[in-house]
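Structure record follows, encoded as structure tokens.
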Amino acid sequence: MNRTWSPYWNPKTETLPKDQLRALQLLKLQKLVERAYATSPFHRRLYDAAGVRPEHIRTLDDIRRLPFMTRENWMENQAAKPLFGDLVTRPEEDAIRYHLTSGTSGRQPLRVLDSRKDWSWITDMWCYGFWGFGIRPDDKVFFAFSYGSFIGFWGAHYCTEKMGCLTLASGNMTTEQRVKQIVEMGATVVCATPTYALRMGQAAEKMGIDLRKEGKVRRVIVSGEPAGSIPAVKKMIEDMWGGMCGDTAGMTEIGTIMIFECDKQPGGPHIIEDHFIEEVLDPETNEPVPYGERGERVVTSFGRGFIPLIRYRTKDLVCKVPHTRCSCGRTGDIYEGGILGRVDDMKLIRGTNVYPRAVEAVVREHAEVEEFQIIITRVDNVQDEITVKVELKPDQEECWPRLQAKLGKDLADAHEGLRFNVELAKAGELPRFELKAKRLQDLRPKY
Ligand SMILES: [Zn+2]
């Protein structure tokens with residue numbers, strides 16, 4: 001690469017001094033609330049009920065006068081006025097795309113529509129992230145993604161086209177076909193969920209392919225699961241592929257990503273603050289928490305025209321730290337450790353809080369583990385038991401007694417001494433995932 005590129009996709013706004021960034025956010029917020037009030041009956045009702053009007057937004061702190069949008073009130077609105085509810089601001093004919101949430105835990109999916117302008121913005125947000133992690137026009141980017149109704153990497157695909165990369169789609173390929181093509185085509189960038197990046201690496205090993213020697217991958221960009229910022233997972237991916245692993249996170253409700261890791265890898269992704277306001281609130285009191293404390297992300301997005309997203313409660317747990325944590329010069333703050341989990345995916349086991357992501361962080365410290373599953377059961381209707389089932393990489397059986405003891409100890413140490421059962425699964429017994437992994441099974445009776 002001969003040219004000297006700027007390290008930023010948008011050099012002006014990504015490095016804007018904080019006071020100017022705040023002024024820009026306020027201006028955008030005022031416009032957004034005005035537009036939502038005028039064009040979305042859903043928002044008008046919400047704001048009328050709360051006694052708040054667009055002209056009440058005079059400072060950034062006034063955002064707290066606005067009521068929350070929740071998945072629940074969005075779903076209700078959609079159910080009451082099918083198909084899309086009356087929170088969409090424009091007629092369906094103006095849309096060019098339709099997508100759905102991935103519909104975890106048996107809920108009705110959210111349906112979203114976007115215009116051509118929305119898609120241009122969605123693409124641009126991915127460009128912030130890809131460019132920021134060092135992707136350049138001479139890269140060959142491989143998407144291990146199914147290109148369905150789930151929005152996933154769709155925007156990232158357009159982003160690499162826009163940047164001038166050679167873009168490789170692999171919609172219906174098997175894992176083995178993908179690995180082969182990545183090597184054959186000399187792909188320099190691979191995009192996948194963290195789970196699937198690991199799975200492709202494991203498949204390559206079984207196929208006798210050394211990705212570090214035979215592949216040319218220098219960057220792996222992950223999204224879709226909180227594991228992308230778990231250091232042990234990141235290291236496994238980097239060791240397998242021989243390139244740096246960068247985390248991004250987005251949501252169907254936003255249509256694109258709102259945070260991305262830069263190539264300085266400061267331990268968490270930057271917030272794209274010129275396009276989003278990310279509040280971090282105590283989920284019980286709804287009061288903002290200071291830097292360095294955990295809370296729930298509440299997002300306001302300036303970019304999507306069809307669906308105003310204002311103070312949307314995400315239920316994602318995060319810990320915000322100042323942008324000065326990173327040396328890259330961006331002024332967007334950082335979510336240390338990425339998305340830490342979900343407010344509602346905490347499990348209470350015999351009085352101790354267990355988060356699946358924390359279990360994953362411990363399990364992935366052990367390189368012998370290929371796949372795992374967490375199973376929670378209730379014995380004799382009283383005692384809750386938590387079991388981690390582990391599938392080992394090929395030819396690792398002899399390490400099992402030592403690993404079983406070590407894992408049990410490490411898991412207990414990370415959970416106030418809570419006893420975990422650690423069991424060995426047969427090779428190929430545990431489910432494998434391409435999109436979002438579902439490794440936790442709570443088999444306790446529901447009341
Ligand atoms: Zn940075």
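Lettering and numbering for the structure tokens are positional, with chains as A, B, ... in the shown order, residues counted from 1 in each chain, and ligands counted from 1 in the shown order.
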Where does chain A meet ligand 1 within 7 Å, residue by residue, with the nearest atom pair and distance in Å to one decimal for each, counting only C-alpha atoms and all ligand atoms, listed by chain and rising number, as JSON lines?
{"residue": "A:Glu261", "atom": "CA", "partner": "ligand 1", "partner_atom_place_in_ligand_line": "1 (Zn)", "distance": 6.8}
{"residue": "A:Cys262", "atom": "CA", "partner": "ligand 1", "partner_atom_place_in_ligand_line": "1 (Zn)", "distance": 4.7}
{"residue": "A:Asp263", "atom": "CA", "partner": "ligand 1", "partner_atom_place_in_ligand_line": "1 (Zn)", "distance": 6.8}
{"residue": "A:Lys264", "atom": "CA", "partner": "ligand 1", "partner_atom_place_in_ligand_line": "1 (Zn)", "distance": 5.6}
{"residue": "A:Gln265", "atom": "CA", "partner": "ligand 1", "partner_atom_place_in_ligand_line": "1 (Zn)", "distance": 6.8}
{"residue": "A:Pro266", "atom": "CA", "partner": "ligand 1", "partner_atom_place_in_ligand_line": "1 (Zn)", "distance": 6.3}
{"residue": "A:His270", "atom": "CA", "partner": "ligand 1", "partner_atom_place_in_ligand_line": "1 (Zn)", "distance": 6.6}
{"residue": "A:Cys326", "atom": "CA", "partner": "ligand 1", "partner_atom_place_in_ligand_line": "1 (Zn)", "distance": 4.7}
{"residue": "A:Ser327", "atom": "CA", "partner": "ligand 1", "partner_atom_place_in_ligand_line": "1 (Zn)", "distance": 5.9}
{"residue": "A:Cys328", "atom": "CA", "partner": "ligand 1", "partner_atom_place_in_ligand_line": "1 (Zn)", "distance": 4.2}
{"residue": "A:Gly329", "atom": "CA", "partner": "ligand 1", "partner_atom_place_in_ligand_line": "1 (Zn)", "distance": 6.5}
{"residue": "A:Arg330", "atom": "CA", "partner": "ligand 1", "partner_atom_place_in_ligand_line": "1 (Zn)", "distance": 5.8}
Any chance you could export the current selection's C-alpha atoms as a CSV table (one decimal), in the first residue's frame?
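Output (again_23.csv):
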chain,number,residue,atom,x,y,z
A,261,GLU,CA,-13.3,-0.9,17.7
A,262,CYS,CA,-10.5,1.1,16.2
A,263,ASP,CA,-7.2,-0.5,15.2
A,264,LYS,CA,-5.5,0.7,18.4
A,265,GLN,CA,-7.7,-1.9,20.1
A,266,PRO,CA,-8.2,0.0,23.4
A,270,HIS,CA,-15.8,3.7,20.3
A,326,CYS,CA,-7.6,5.4,23.4
A,327,SER,CA,-4.7,7.0,21.6
A,328,CYS,CA,-6.3,7.1,18.2
A,329,GLY,CA,-7.6,10.7,18.5
A,330,ARG,CA,-11.3,9.9,18.2
From a DSSP calculation on the backbone, collect every residue of region 202-418 of chain A in strand (DSSP E) and output the set as JSON, numbers by chain. {"A": [219, 220, 221, 222, 244, 245, 246, 247, 248, 249, 250, 257, 258, 259, 260, 270, 271, 276, 277, 278, 279, 280, 281, 294, 295, 296, 297, 298, 299, 300, 301, 309, 310, 311, 312, 313, 314, 315, 316, 317, 318, 319, 320, 321, 334, 335, 341, 342, 347, 348, 349, 352, 353, 354, 369, 370, 371, 372, 373, 374, 375, 376, 377, 378, 379, 383, 384, 385, 386, 387, 388, 389, 390, 391, 392]}
Listing only residues of region 197-270 of chain A within 9 Å of region 433-444 of chain A, what is the closest atom pair and its distance in Å (to one decimal) for each, using only C-alpha atoms, sorted by chain and residue number ascending, as CSV?
residue,atom,partner,partner_atom,distance
A:Ala197,CA,A:Glu434,CA,8.9
A:Arg199,CA,A:Phe433,CA,8.2
A:Gly224,CA,A:Lys436,CA,6.2
A:Glu225,CA,A:Lys436,CA,6.1
Output the selection as a PDB file, in the first residue's frame - N, CA and C atoms for each residue.
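again_14.pdb written:
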ATOM      1  N   ALA A 197     -16.578 -17.225  13.509  1.00  0.00           N
ATOM      2  CA  ALA A 197     -15.156 -17.059  13.165  1.00  0.00           C
ATOM      3  C   ALA A 197     -14.354 -18.207  13.778  1.00  0.00           C
ATOM      4  N   ARG A 199     -15.637 -21.153  14.541  1.00  0.00           N
ATOM      5  CA  ARG A 199     -16.059 -22.399  13.897  1.00  0.00           C
ATOM      6  C   ARG A 199     -15.360 -22.592  12.553  1.00  0.00           C
ATOM      7  N   GLY A 224     -22.611  -9.105  16.237  1.00  0.00           N
ATOM      8  CA  GLY A 224     -23.767  -9.966  16.477  1.00  0.00           C
ATOM      9  C   GLY A 224     -23.805 -10.673  17.816  1.00  0.00           C
ATOM     10  N   GLU A 225     -22.685 -10.717  18.527  1.00  0.00           N
ATOM     11  CA  GLU A 225     -22.653 -11.355  19.848  1.00  0.00           C
ATOM     12  C   GLU A 225     -21.738 -10.548  20.761  1.00  0.00           C
TER      13      GLU A 225
END
Which region 252-323 of chain A residues have any atom within 9 Å of an atom of region 72-94 of chain A, and for each, what is the nearest pair of atoms with distance in Å to one decimal, counting only C-alpha atoms, rows sorted by chain and number, as a tab-separated table?
residue	atom	partner	partner_atom	distance
A:Gly305	CA	A:Thr89	CA	7.4
A:Phe306	CA	A:Thr89	CA	5.3
A:Ile307	CA	A:Val88	CA	5.0
A:Pro308	CA	A:Leu87	CA	7.5
Pick out the residues sitting within 12 Å of Gln181 (chain A), and hand them over as a ChimeraX atom specification; count only C-alpha atoms, and ignore anything fewer than 6 positions along from it in its own chain. /A:140-144,168-170,173-175,187-188,190,200,204,209,211,214-217
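Pairwise distance (CA of Phe420 (chain A), CA of Thr195 (chain A)) equals 22.8 Å.
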Would you pick out the contacts of Met207 (chain A) at 10 Å or less, using only C-alpha atoms, so that residues sharing its chain but fewer than 4 positions from it are not included, and give the list as a PyMOL selection string? chain A and resi 176+179-180+201-203
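When only C-alpha atoms are used to measure the gap to Leu340 (chain A), the shortest distance among A:Ala227, A:Leu424, A:Val359, A:Leu407 belongs to A:Ala227.
Each of A:Thr331, A:Cys319, A:Arg304, A:Asn172 was compared to Asp19 (chain A) using only C-alpha atoms, and A:Thr331 turns out to be the nearest.
Considering only C-alpha atoms, the residue among A:Ala361, A:Val390, A:Ile151, A:Val33 positioned nearest to His56 (chain A) is A:Val33.
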Taking into account only C-alpha atoms, which residue in the set A:Lys426, A:Val321, A:Lys28, A:Arg219 is nearest to Lys234 (chain A)? A:Arg219
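Considering only C-alpha atoms, the residue among A:Gly228, A:Trp154, A:Ala412, A:Asp333 positioned nearest to Lys18 (chain A) is A:Asp333.
If you look at CA of Glu238 (chain A) and CA of Pro356 (chain A), they are 22.3 Å away from each other.
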Which residue, A:Gly332, A:Gly351, A:Gly268, A:Gly337, has the smallest gap to Leu21 (chain A) when you use only C-alpha atoms? A:Gly332
Per DSSP on the backbone, filter region 350-382 of chain A down to the residues in helix (DSSP H, G or I) and report them as number ranges by chain. A: 356-363
How would the residues just chosen look if you wrote them out with N, CA, C and O atoms as an mmCIF file, in the first residue's frame?
data_model
loop_
_atom_site.group_PDB
_atom_site.id
_atom_site.type_symbol
_atom_site.label_atom_id
_atom_site.label_comp_id
_atom_site.auth_asym_id
_atom_site.auth_seq_id
_atom_site.Cartn_x
_atom_site.Cartn_y
_atom_site.Cartn_z
ATOM 1 N N PRO A 356 -24.225 -15.254 31.223
ATOM 2 C CA PRO A 356 -23.617 -16.184 30.252
ATOM 3 C C PRO A 356 -22.284 -15.668 29.696
ATOM 4 O O PRO A 356 -21.356 -16.431 29.481
ATOM 5 N N ARG A 357 -22.202 -14.348 29.478
ATOM 6 C CA ARG A 357 -20.967 -13.814 28.917
ATOM 7 C C ARG A 357 -19.782 -14.002 29.874
ATOM 8 O O ARG A 357 -18.658 -14.246 29.446
ATOM 9 N N ALA A 358 -20.038 -13.904 31.163
ATOM 10 C CA ALA A 358 -18.956 -14.082 32.136
ATOM 11 C C ALA A 358 -18.488 -15.536 32.145
ATOM 12 O O ALA A 358 -17.291 -15.821 32.273
ATOM 13 N N VAL A 359 -19.441 -16.463 31.997
ATOM 14 C CA VAL A 359 -19.077 -17.882 31.919
ATOM 15 C C VAL A 359 -18.235 -18.127 30.670
ATOM 16 O O VAL A 359 -17.189 -18.777 30.708
ATOM 17 N N GLU A 360 -18.684 -17.523 29.563
ATOM 18 C CA GLU A 360 -17.938 -17.682 28.307
ATOM 19 C C GLU A 360 -16.504 -17.166 28.456
ATOM 20 O O GLU A 360 -15.550 -17.778 27.973
ATOM 21 N N ALA A 361 -16.354 -16.028 29.143
ATOM 22 C CA ALA A 361 -15.021 -15.443 29.315
ATOM 23 C C ALA A 361 -14.097 -16.416 30.050
ATOM 24 O O ALA A 361 -12.920 -16.537 29.720
ATOM 25 N N VAL A 362 -14.635 -17.135 31.035
ATOM 26 C CA VAL A 362 -13.812 -18.100 31.777
ATOM 27 C C VAL A 362 -13.508 -19.324 30.904
ATOM 28 O O VAL A 362 -12.360 -19.757 30.783
ATOM 29 N N VAL A 363 -14.562 -19.867 30.269
ATOM 30 C CA VAL A 363 -14.378 -21.096 29.480
ATOM 31 C C VAL A 363 -13.365 -20.877 28.352
ATOM 32 O O VAL A 363 -12.509 -21.720 28.084
#
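Relative to CA of Arg419 (chain A), CA of Glu385 (chain A) is found at 8.4 Å.
Summary of the local environment: counting only C-alpha atoms, residues at most 7 Å from Thr256 (chain A), other than itself and those fewer than 5 positions away along its chain, are Ile122, Met125, Trp126, Gly155, Gly250 and Met251 of chain A.
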Can you tell me, as JSON, numbers by chain, what residues are no more than 9 Å from Glu34 (chain A) when counting only C-alpha atoms, ignoring any on the same chain fewer than 6 positions away? {"A": [53, 54, 55]}
Written selection (N, CA, C and O atoms) as a short mmCIF file (atom, residue, chain, number, x, y, z; two decimals), in the first residue's frame:
data_model
loop_
_atom_site.label_atom_id
_atom_site.label_comp_id
_atom_site.auth_asym_id
_atom_site.auth_seq_id
_atom_site.Cartn_x
_atom_site.Cartn_y
_atom_site.Cartn_z
N ARG A 53 -42.95 18.75 24.70
CA ARG A 53 -43.06 19.20 23.32
C ARG A 53 -41.65 19.45 22.77
O ARG A 53 -40.72 19.67 23.55
N PRO A 54 -41.52 19.42 21.43
CA PRO A 54 -40.18 19.60 20.85
C PRO A 54 -39.46 20.84 21.38
O PRO A 54 -38.25 20.79 21.62
N GLU A 55 -40.18 21.91 21.60
CA GLU A 55 -39.49 23.14 22.03
C GLU A 55 -38.95 23.07 23.46
O GLU A 55 -38.20 23.94 23.90
#
Contacts of Pro401 (chain A) within 12 Å, only C-alpha atoms, excl. fewer than 4 positions in-chain, as an NGL selection string: :A and (396-397 or 405-408 or 422-424)
